[in-house]
Amino acid sequence: MPELPELETTVQELRDKIVGRKILRVWTDFGKMFRPSFAEFQKVVVGQVIKDVSRRGKNIIIKLDSGHYILVHQKLTGSLLAGAEIKNPYLHLILFLDKGQLALSDLRKFAKVVFLENLEDYPDYKNLGVEPLSREFTLEKFQEILRQTRGKTKKVLMDQNKIAGIGNIYSDEILFEAKISPLCEVKNLKEKEIKILYQAIKKILKKAVVAKGTSVSDYRRPSGKKGNFAKFLKVYQRENESCPRCGAKIKRLKFGGRSAHFCPRCQK
DNA sequence: AATCGTTCCTGATAGC
DNA sequence: TGCTATCAGGAACGAT
C-alpha cells in the first residue's frame with residue numbers, strides 16, 4: 001500500500017511528466033470516488049494547466065492554474081500512472097492532457113479524489129500531523145507527541161494526525177529496526193528507546209525513498225515500474241520466516257483491525 | 001473528548 | 001471442477 005516513500009516517489013516522477021500540461025478532457029467509470037461530485041470536478045478541472053505536484057502525508061496534491069487543488073488519496077491499492085496511453089484493467093480516472101495522460105488505477109476502489117478551492121478548508125488535510133522527514137520533526141517534537149498520546153506504539157506511529165505518512169509496512173519495519181514491540185504502550189517507552197525509535201523512523205523512511213518504495217501488492221510508480229524496497233523488508237509479510245537478526249520465528253498479530261509483523265524475541 | 005465498530009471493494013485463497 | 005465464504009486493509013463516519 002502506498003505510504004510516504006511510495007507517495008514521495010510518485011510525486012518526484014510525476015512532476016516531469018505532468019507539470020505544465022493542460023487538461024483537455026476527463027473520464028471516469030466510478031463517480032463515487034469524487035468529492036463533492038464528478039460533475040463538479042469535471043467542470044472545474046477541464047481547461048486548467050497543472051502548476052505543481054506535491055505531497056502531504058499520504059495525499060497527492062495537484063495544483064491548478066486557477067489556484068485550486070486536486071487532492072488524491074490512493075488508500076490501499078491506488079496508483080497514479082502517467083504516460084502516452086495508459087492501459088490497465090483497473091483504471092477509474094483518466095485525465096487526457098495536451099501531451100499524454102494521467103490515470104488513477106485502483107483495484108479495490110477505495111481511493112478518493114477531492115476538488116478543493118483552499119486546502120486549509122479541508123479538515124482532514126488541516127489535521128494531519130508532522131512530516132517525519134521534515135526539519136520540523138525533531139527529537140523534542142517526537143517526545144512531545146508521545147507525551148500527549150496513549151496507546152500502543154504501532155498505533156501511534158500510524159496515526160496520521162500525529163505523524164503523517166506512515167502505514168502498516170513502514171510501522172512494522174521501523175519497530176523492528178528499533179527493537180520495540182508493536183504492542184508496547186507508549187507510556188512505557190524509556191527515553192533511550194524514544195531516541196532509538198526516532199532515529200529508526202528517519203532511517204527506514206529515507207532508505208525506502210531512495211529505493212523508490214515497496215511494491216508488495218499493487219503499488220506502481222507512475223511509469224508502471226515497481227519500487228525496490230520489498231527486498232529490504234525484514235518482518236512485513238514474513239510471518240513464520242526466521243528473524244534476520246536472531247533467527248526466531250516472525251509472528252503476525254491482529255489488533256485494532258490491522259496486522260502487525262514482528263519478532264517476539266528481539267522486539268520488546 | 002476519546003475510542004470502538006462498521007463501511008467501502010475485489011482478488012486471492014480456503015473449504016466443500 | 002466449480003461454487004460460496006472469508007479475509008485484507010486506510011480512514012471517514014456513526015455510535016457509545
# chains A, B, ... in the order shown; residues from 1 in each chain; ligands from 1

call {"tool": "select_by_dssp", "arguments": {"residues": "region 20-245 of chain A", "states": "alpha helix (DSSP H)", "output": "PyMOL selection string"}}
result
chain A and resi 38-45+123-126+139-147+153-157+168-178+191-210

call {"tool": "write_last_selection", "arguments": {"atoms": "C-alpha atoms", "output": "mmCIF file, in the first residue's frame"}}
result
data_model
loop_
_atom_site.group_PDB
_atom_site.id
_atom_site.type_symbol
_atom_site.label_atom_id
_atom_site.label_comp_id
_atom_site.auth_asym_id
_atom_site.auth_seq_id
_atom_site.Cartn_x
_atom_site.Cartn_y
_atom_site.Cartn_z
ATOM 1 C CA PHE A 38 -17.616 14.134 -10.644
ATOM 2 C CA ALA A 39 -19.760 16.750 -12.385
ATOM 3 C CA GLU A 40 -18.202 19.459 -10.217
ATOM 4 C CA PHE A 41 -14.718 18.034 -10.720
ATOM 5 C CA GLN A 42 -15.088 17.911 -14.494
ATOM 6 C CA LYS A 43 -16.479 21.432 -14.690
ATOM 7 C CA VAL A 44 -13.600 22.980 -12.774
ATOM 8 C CA VAL A 45 -10.683 20.882 -13.997
ATOM 9 C CA PRO A 123 -10.333 19.415 7.985
ATOM 10 C CA ASP A 124 -8.913 16.009 7.033
ATOM 11 C CA TYR A 125 -5.967 17.816 5.491
ATOM 12 C CA LYS A 126 -5.581 20.507 8.110
ATOM 13 C CA LEU A 139 13.514 14.553 18.724
ATOM 14 C CA GLU A 140 11.899 17.129 21.012
ATOM 15 C CA LYS A 141 8.810 17.228 18.791
ATOM 16 C CA PHE A 142 8.592 13.425 18.831
ATOM 17 C CA GLN A 143 8.915 13.362 22.618
ATOM 18 C CA GLU A 144 6.126 15.925 22.847
ATOM 19 C CA ILE A 145 3.863 13.856 20.550
ATOM 20 C CA LEU A 146 4.449 10.743 22.661
ATOM 21 C CA ARG A 147 3.734 12.611 25.897
ATOM 22 C CA THR A 153 3.403 2.245 19.812
ATOM 23 C CA LYS A 154 2.411 0.852 16.407
ATOM 24 C CA LYS A 155 -0.942 2.584 16.547
ATOM 25 C CA VAL A 156 0.669 5.917 17.366
ATOM 26 C CA LEU A 157 3.179 5.628 14.506
ATOM 27 C CA ASN A 168 1.344 -0.737 8.055
ATOM 28 C CA ILE A 169 4.503 -1.665 6.131
ATOM 29 C CA TYR A 170 6.807 1.011 7.499
ATOM 30 C CA SER A 171 5.487 0.944 11.065
ATOM 31 C CA ASP A 172 6.390 -2.767 11.199
ATOM 32 C CA GLU A 173 9.828 -2.139 9.695
ATOM 33 C CA ILE A 174 10.564 0.873 11.919
ATOM 34 C CA LEU A 175 9.632 -1.052 15.067
ATOM 35 C CA PHE A 176 11.835 -3.968 14.034
ATOM 36 C CA GLU A 177 14.747 -1.624 13.393
ATOM 37 C CA ALA A 178 14.237 -0.043 16.830
ATOM 38 C CA GLU A 191 13.975 7.990 26.976
ATOM 39 C CA LYS A 192 16.634 5.916 25.268
ATOM 40 C CA GLU A 193 14.038 3.854 23.386
ATOM 41 C CA ILE A 194 12.276 7.002 22.204
ATOM 42 C CA LYS A 195 15.551 8.248 20.758
ATOM 43 C CA ILE A 196 16.208 4.923 19.005
ATOM 44 C CA LEU A 197 12.661 4.871 17.640
ATOM 45 C CA TYR A 198 13.031 8.439 16.384
ATOM 46 C CA GLN A 199 16.224 7.527 14.547
ATOM 47 C CA ALA A 200 14.603 4.388 13.110
ATOM 48 C CA ILE A 201 11.703 6.409 11.670
ATOM 49 C CA LYS A 202 14.104 8.687 9.793
ATOM 50 C CA LYS A 203 16.422 5.881 8.729
ATOM 51 C CA ILE A 204 13.808 3.462 7.361
ATOM 52 C CA LEU A 205 11.757 6.120 5.579
ATOM 53 C CA LYS A 206 14.839 7.667 3.940
ATOM 54 C CA LYS A 207 16.108 4.283 2.837
ATOM 55 C CA ALA A 208 12.710 3.410 1.346
ATOM 56 C CA VAL A 209 12.513 6.734 -0.508
ATOM 57 C CA VAL A 210 15.907 6.036 -2.081
#

call {"tool": "residues_around", "arguments": {"residues": "region 46-56 of chain A", "least_positions_apart": "4", "cutoff": "7 Å", "atoms": "only C-alpha atoms (C1' of nucleotides)", "output": "list in words"}}
result
Leu7, Glu8, Val11, Arg15, Ile18, Val19, Gly20, Arg21, Lys22, Ile23, Leu24, Arg25, Gln42, Ile60, Ile61, Ile62, Lys63, Leu64 and Asp65 of chain A

call {"tool": "closest_residue", "arguments": {"among": "A:Leu119, A:Leu76, A:Leu14, A:Ile86", "to": "chain C", "atoms": "only C-alpha atoms (C1' of nucleotides)"}}
result
A:Leu76

call {"tool": "residues_around", "arguments": {"residues": "region 6-12 of chain C", "least_positions_apart": "4", "cutoff": "9 Å", "atoms": "only C-alpha atoms (C1' of nucleotides)", "output": "PyMOL selection string"}}
result
(chain A and resi 1+75-76+110+167+257-258) or (chain B and resi 13-14)

call {"tool": "residues_around", "arguments": {"residues": "DT10 (chain B)", "least_positions_apart": "2", "cutoff": "10 Å", "atoms": "only C-alpha atoms (C1' of nucleotides)", "output": "PyMOL selection string"}}
result
(chain A and resi 107-109) or (chain B and resi 12)

call {"tool": "interface_residues", "arguments": {"of": "chain B", "to": "chain A", "cutoff": "10 Å", "atoms": "only C-alpha atoms (C1' of nucleotides)", "output": "PyMOL selection string"}}
result
chain B and resi 4-5+8-11

call {"tool": "write_last_selection", "arguments": {"atoms": "all heavy atoms", "output": "CSV table (one decimal), in the first residue's frame"}}
result
chain,number,residue,atom,x,y,z
B,4,DC,P,-10.6,1.4,22.2
B,4,DC,OP1,-10.2,0.6,23.4
B,4,DC,OP2,-9.5,1.6,21.1
B,4,DC,O5',-11.8,0.7,21.5
B,4,DC,C5',-13.1,0.6,22.2
B,4,DC,C4',-14.2,0.5,21.2
B,4,DC,O4',-14.4,1.7,20.5
B,4,DC,C3',-13.9,-0.5,20.1
B,4,DC,O3',-14.7,-1.7,20.1
B,4,DC,C2',-14.1,0.2,18.7
B,4,DC,C1',-14.8,1.5,19.2
B,4,DC,N1,-14.5,2.7,18.4
B,4,DC,C2,-15.5,3.3,17.6
B,4,DC,O2,-16.6,2.9,17.7
B,4,DC,N3,-15.1,4.4,16.9
B,4,DC,C4,-13.9,4.9,16.9
B,4,DC,N4,-13.6,5.9,16.1
B,4,DC,C5,-12.8,4.2,17.6
B,4,DC,C6,-13.2,3.1,18.3
B,5,DG,P,-14.5,-2.9,19.1
B,5,DG,OP1,-14.9,-4.1,19.9
B,5,DG,OP2,-13.2,-2.8,18.5
B,5,DG,O5',-15.6,-2.6,18.0
B,5,DG,C5',-17.0,-2.3,18.4
B,5,DG,C4',-17.8,-2.0,17.2
B,5,DG,O4',-17.5,-0.8,16.7
B,5,DG,C3',-17.7,-3.1,16.1
B,5,DG,O3',-19.0,-3.3,15.6
B,5,DG,C2',-16.8,-2.4,15.1
B,5,DG,C1',-17.1,-0.9,15.3
B,5,DG,N9,-16.0,0.0,15.1
B,5,DG,C8,-14.7,-0.1,15.5
B,5,DG,N7,-14.0,1.0,15.2
B,5,DG,C5,-14.8,1.8,14.4
B,5,DG,C6,-14.6,3.0,13.8
B,5,DG,O6,-13.5,3.7,13.8
B,5,DG,N1,-15.7,3.5,13.2
B,5,DG,C2,-16.9,2.9,13.1
B,5,DG,N2,-17.9,3.5,12.5
B,5,DG,N3,-17.2,1.7,13.7
B,5,DG,C4,-16.1,1.2,14.4
B,8,DC,P,-21.3,-0.5,2.6
B,8,DC,OP1,-22.5,0.1,2.1
B,8,DC,OP2,-21.1,-2.0,2.8
B,8,DC,O5',-20.1,0.0,1.6
B,8,DC,C5',-19.9,1.4,1.4
B,8,DC,C4',-18.5,1.6,0.9
B,8,DC,O4',-17.5,1.2,1.9
B,8,DC,C3',-18.1,0.6,-0.3
B,8,DC,O3',-18.1,1.4,-1.5
B,8,DC,C2',-16.7,0.1,0.0
B,8,DC,C1',-16.3,0.8,1.3
B,8,DC,N1,-15.6,0.0,2.3
B,8,DC,C2,-14.5,0.6,3.0
B,8,DC,O2,-14.1,1.8,2.7
B,8,DC,N3,-13.8,-0.1,3.9
B,8,DC,C4,-14.2,-1.4,4.1
B,8,DC,N4,-13.5,-2.0,5.0
B,8,DC,C5,-15.3,-2.0,3.5
B,8,DC,C6,-16.0,-1.2,2.6
B,9,DC,P,-18.6,0.7,-2.8
B,9,DC,OP1,-18.6,1.7,-3.8
B,9,DC,OP2,-19.8,-0.1,-2.6
B,9,DC,O5',-17.4,-0.4,-3.0
B,9,DC,C5',-16.6,-0.4,-4.0
B,9,DC,C4',-15.5,-1.4,-3.9
B,9,DC,O4',-15.2,-1.8,-2.6
B,9,DC,C3',-15.9,-2.8,-4.5
B,9,DC,O3',-15.5,-2.7,-5.9
B,9,DC,C2',-15.0,-3.8,-3.8
B,9,DC,C1',-14.4,-3.0,-2.6
B,9,DC,N1,-14.6,-3.7,-1.3
B,9,DC,C2,-13.4,-4.1,-0.6
B,9,DC,O2,-12.3,-4.0,-1.2
B,9,DC,N3,-13.5,-4.7,0.6
B,9,DC,C4,-14.7,-4.8,1.2
B,9,DC,N4,-14.8,-5.4,2.4
B,9,DC,C5,-15.9,-4.4,0.5
B,9,DC,C6,-15.8,-3.8,-0.7
B,10,DT,P,-15.9,-3.8,-6.9
B,10,DT,OP1,-15.9,-3.1,-8.2
B,10,DT,OP2,-17.1,-4.5,-6.4
B,10,DT,O5',-14.7,-4.8,-6.8
B,10,DT,C5',-13.4,-4.3,-7.2
B,10,DT,C4',-12.4,-5.4,-6.8
B,10,DT,O4',-12.4,-5.7,-5.4
B,10,DT,C3',-12.7,-6.8,-7.5
B,10,DT,O3',-11.5,-7.3,-7.9
B,10,DT,C2',-13.3,-7.6,-6.3
B,10,DT,C1',-12.5,-7.1,-5.2
B,10,DT,N1,-13.1,-7.2,-3.8
B,10,DT,C2,-12.2,-7.5,-2.8
B,10,DT,O2,-11.0,-7.5,-2.9
B,10,DT,N3,-12.8,-7.6,-1.5
B,10,DT,C4,-14.2,-7.6,-1.3
B,10,DT,O4,-14.6,-7.7,-0.1
B,10,DT,C5,-15.0,-7.3,-2.4
B,10,DT,C7,-16.5,-7.3,-2.3
B,10,DT,C6,-14.4,-7.2,-3.6
B,11,DG,P,-11.4,-8.3,-9.2
B,11,DG,OP1,-11.2,-7.6,-10.4
B,11,DG,OP2,-12.6,-9.3,-9.1
B,11,DG,O5',-10.1,-9.1,-8.8
B,11,DG,C5',-8.9,-8.4,-8.5
B,11,DG,C4',-8.0,-9.2,-7.6
B,11,DG,O4',-8.6,-9.3,-6.3
B,11,DG,C3',-7.8,-10.6,-8.1
B,11,DG,O3',-6.4,-10.9,-7.9
B,11,DG,C2',-8.7,-11.5,-7.2
B,11,DG,C1',-8.8,-10.6,-5.9
B,11,DG,N9,-10.1,-10.7,-5.2
B,11,DG,C8,-11.3,-10.6,-5.7
B,11,DG,N7,-12.3,-10.7,-4.8
B,11,DG,C5,-11.6,-10.8,-3.6
B,11,DG,C6,-12.1,-10.9,-2.3
B,11,DG,O6,-13.3,-10.9,-1.9
B,11,DG,N1,-11.1,-11.0,-1.4
B,11,DG,C2,-9.7,-11.0,-1.7
B,11,DG,N2,-8.9,-11.1,-0.7
B,11,DG,N3,-9.2,-10.9,-2.9
B,11,DG,C4,-10.2,-10.8,-3.8

call {"tool": "residues_around", "arguments": {"residues": "region 28-33 of chain A", "least_positions_apart": "3", "cutoff": "7 Å", "atoms": "only C-alpha atoms (C1' of nucleotides)", "output": "number ranges by chain"}}
result
A: 37-38, 92-94, 111-113

call {"tool": "atom_distance", "arguments": {"atom1": "C1' of DT16 (chain C)", "atom2": "CA of Lys152 (chain A)"}}
result
21.9 Å

call {"tool": "atom_distance", "arguments": {"atom1": "CA of Arg35 (chain A)", "atom2": "CA of Ala164 (chain A)"}}
result
21.6 Å

call {"tool": "select_by_dssp", "arguments": {"residues": "region 56-263 of chain A", "states": "strand (DSSP E)", "output": "MDAnalysis selection string"}}
result
chainID A and resid 56 59:64 69:73 78:83 91:97 101:106 112:116 251:255 258:262

call {"tool": "atom_distance", "arguments": {"atom1": "CA of Lys251 (chain A)", "atom2": "CA of Met158 (chain A)"}}
result
19.3 Å

call {"tool": "residues_around", "arguments": {"residues": "Gly247 (chain A)", "least_positions_apart": "5", "cutoff": "12 Å", "atoms": "only C-alpha atoms (C1' of nucleotides)", "output": "PyMOL selection string"}}
result
chain A and resi 234-235+240-242+263-266

call {"tool": "write_last_selection", "arguments": {"atoms": "C-alpha atoms", "output": "compact mmCIF listing (two decimals), in the first residue's frame"}}
result
# COMPACT_ATOMS: atom_id res chain seq x y z
CA LYS A 234 12.70 -7.65 7.44
CA VAL A 235 9.34 -8.54 9.01
CA ASN A 240 6.70 -17.79 10.12
CA GLU A 241 10.03 -16.93 8.47
CA SER A 242 13.19 -16.56 10.58
CA CYS A 263 9.99 -10.75 16.08
CA PRO A 264 8.73 -11.82 19.51
CA ARG A 265 12.29 -12.43 20.72
CA CYS A 266 14.17 -9.29 19.80

call {"tool": "residues_around", "arguments": {"residues": "DC16 (chain B)", "least_positions_apart": "5", "cutoff": "12 Å", "atoms": "only C-alpha atoms (C1' of nucleotides)", "output": "ChimeraX atom specification"}}
result
/C:1-5

call {"tool": "write_last_selection", "arguments": {"atoms": "N, CA, C and O atoms (P, O5', C5', C4', C3', O3' and C1' of nucleotides)", "output": "PDB file, in the first residue's frame"}}
result
ATOM      1  P    DT C   1      -9.665 -29.279 -12.506  1.00  0.00           P
ATOM      2  O5'  DT C   1     -11.232 -29.087 -12.601  1.00  0.00           O
ATOM      3  C5'  DT C   1     -11.995 -29.690 -13.625  1.00  0.00           C
ATOM      4  C4'  DT C   1     -13.438 -29.363 -13.329  1.00  0.00           C
ATOM      5  C3'  DT C   1     -13.729 -27.848 -13.309  1.00  0.00           C
ATOM      6  O3'  DT C   1     -14.946 -27.641 -14.008  1.00  0.00           O
ATOM      7  C1'  DT C   1     -14.322 -28.800 -11.214  1.00  0.00           C
ATOM      8  P    DG C   2     -15.333 -26.138 -14.456  1.00  0.00           P
ATOM      9  O5'  DG C   2     -16.225 -25.613 -13.254  1.00  0.00           O
ATOM     10  C5'  DG C   2     -17.412 -26.312 -12.911  1.00  0.00           C
ATOM     11  C4'  DG C   2     -17.932 -25.762 -11.602  1.00  0.00           C
ATOM     12  C3'  DG C   2     -17.924 -24.220 -11.531  1.00  0.00           C
ATOM     13  O3'  DG C   2     -19.154 -23.808 -10.985  1.00  0.00           O
ATOM     14  C1'  DG C   2     -16.877 -25.108  -9.641  1.00  0.00           C
ATOM     15  P    DC C   3     -19.820 -22.420 -11.381  1.00  0.00           P
ATOM     16  O5'  DC C   3     -20.301 -21.883  -9.957  1.00  0.00           O
ATOM     17  C5'  DC C   3     -21.301 -22.612  -9.269  1.00  0.00           C
ATOM     18  C4'  DC C   3     -20.957 -22.691  -7.801  1.00  0.00           C
ATOM     19  C3'  DC C   3     -20.929 -21.338  -7.095  1.00  0.00           C
ATOM     20  O3'  DC C   3     -22.230 -21.046  -6.601  1.00  0.00           O
ATOM     21  C1'  DC C   3     -19.230 -22.867  -6.294  1.00  0.00           C
ATOM     22  P    DT C   4     -22.576 -19.590  -6.014  1.00  0.00           P
ATOM     23  O5'  DT C   4     -22.038 -19.672  -4.512  1.00  0.00           O
ATOM     24  C5'  DT C   4     -22.506 -20.714  -3.645  1.00  0.00           C
ATOM     25  C4'  DT C   4     -21.735 -20.643  -2.335  1.00  0.00           C
ATOM     26  C3'  DT C   4     -21.768 -19.263  -1.654  1.00  0.00           C
ATOM     27  O3'  DT C   4     -22.078 -19.461  -0.287  1.00  0.00           O
ATOM     28  C1'  DT C   4     -19.533 -19.990  -1.918  1.00  0.00           C
ATOM     29  P    DA C   5     -22.247 -18.247   0.722  1.00  0.00           P
ATOM     30  O5'  DA C   5     -20.850 -18.285   1.495  1.00  0.00           O
ATOM     31  C5'  DA C   5     -20.492 -19.470   2.211  1.00  0.00           C
ATOM     32  C4'  DA C   5     -19.243 -19.209   3.035  1.00  0.00           C
ATOM     33  C3'  DA C   5     -19.248 -17.881   3.792  1.00  0.00           C
ATOM     34  O3'  DA C   5     -18.694 -18.123   5.086  1.00  0.00           O
ATOM     35  C1'  DA C   5     -17.404 -17.930   2.267  1.00  0.00           C
TER      36       DA C   5
END
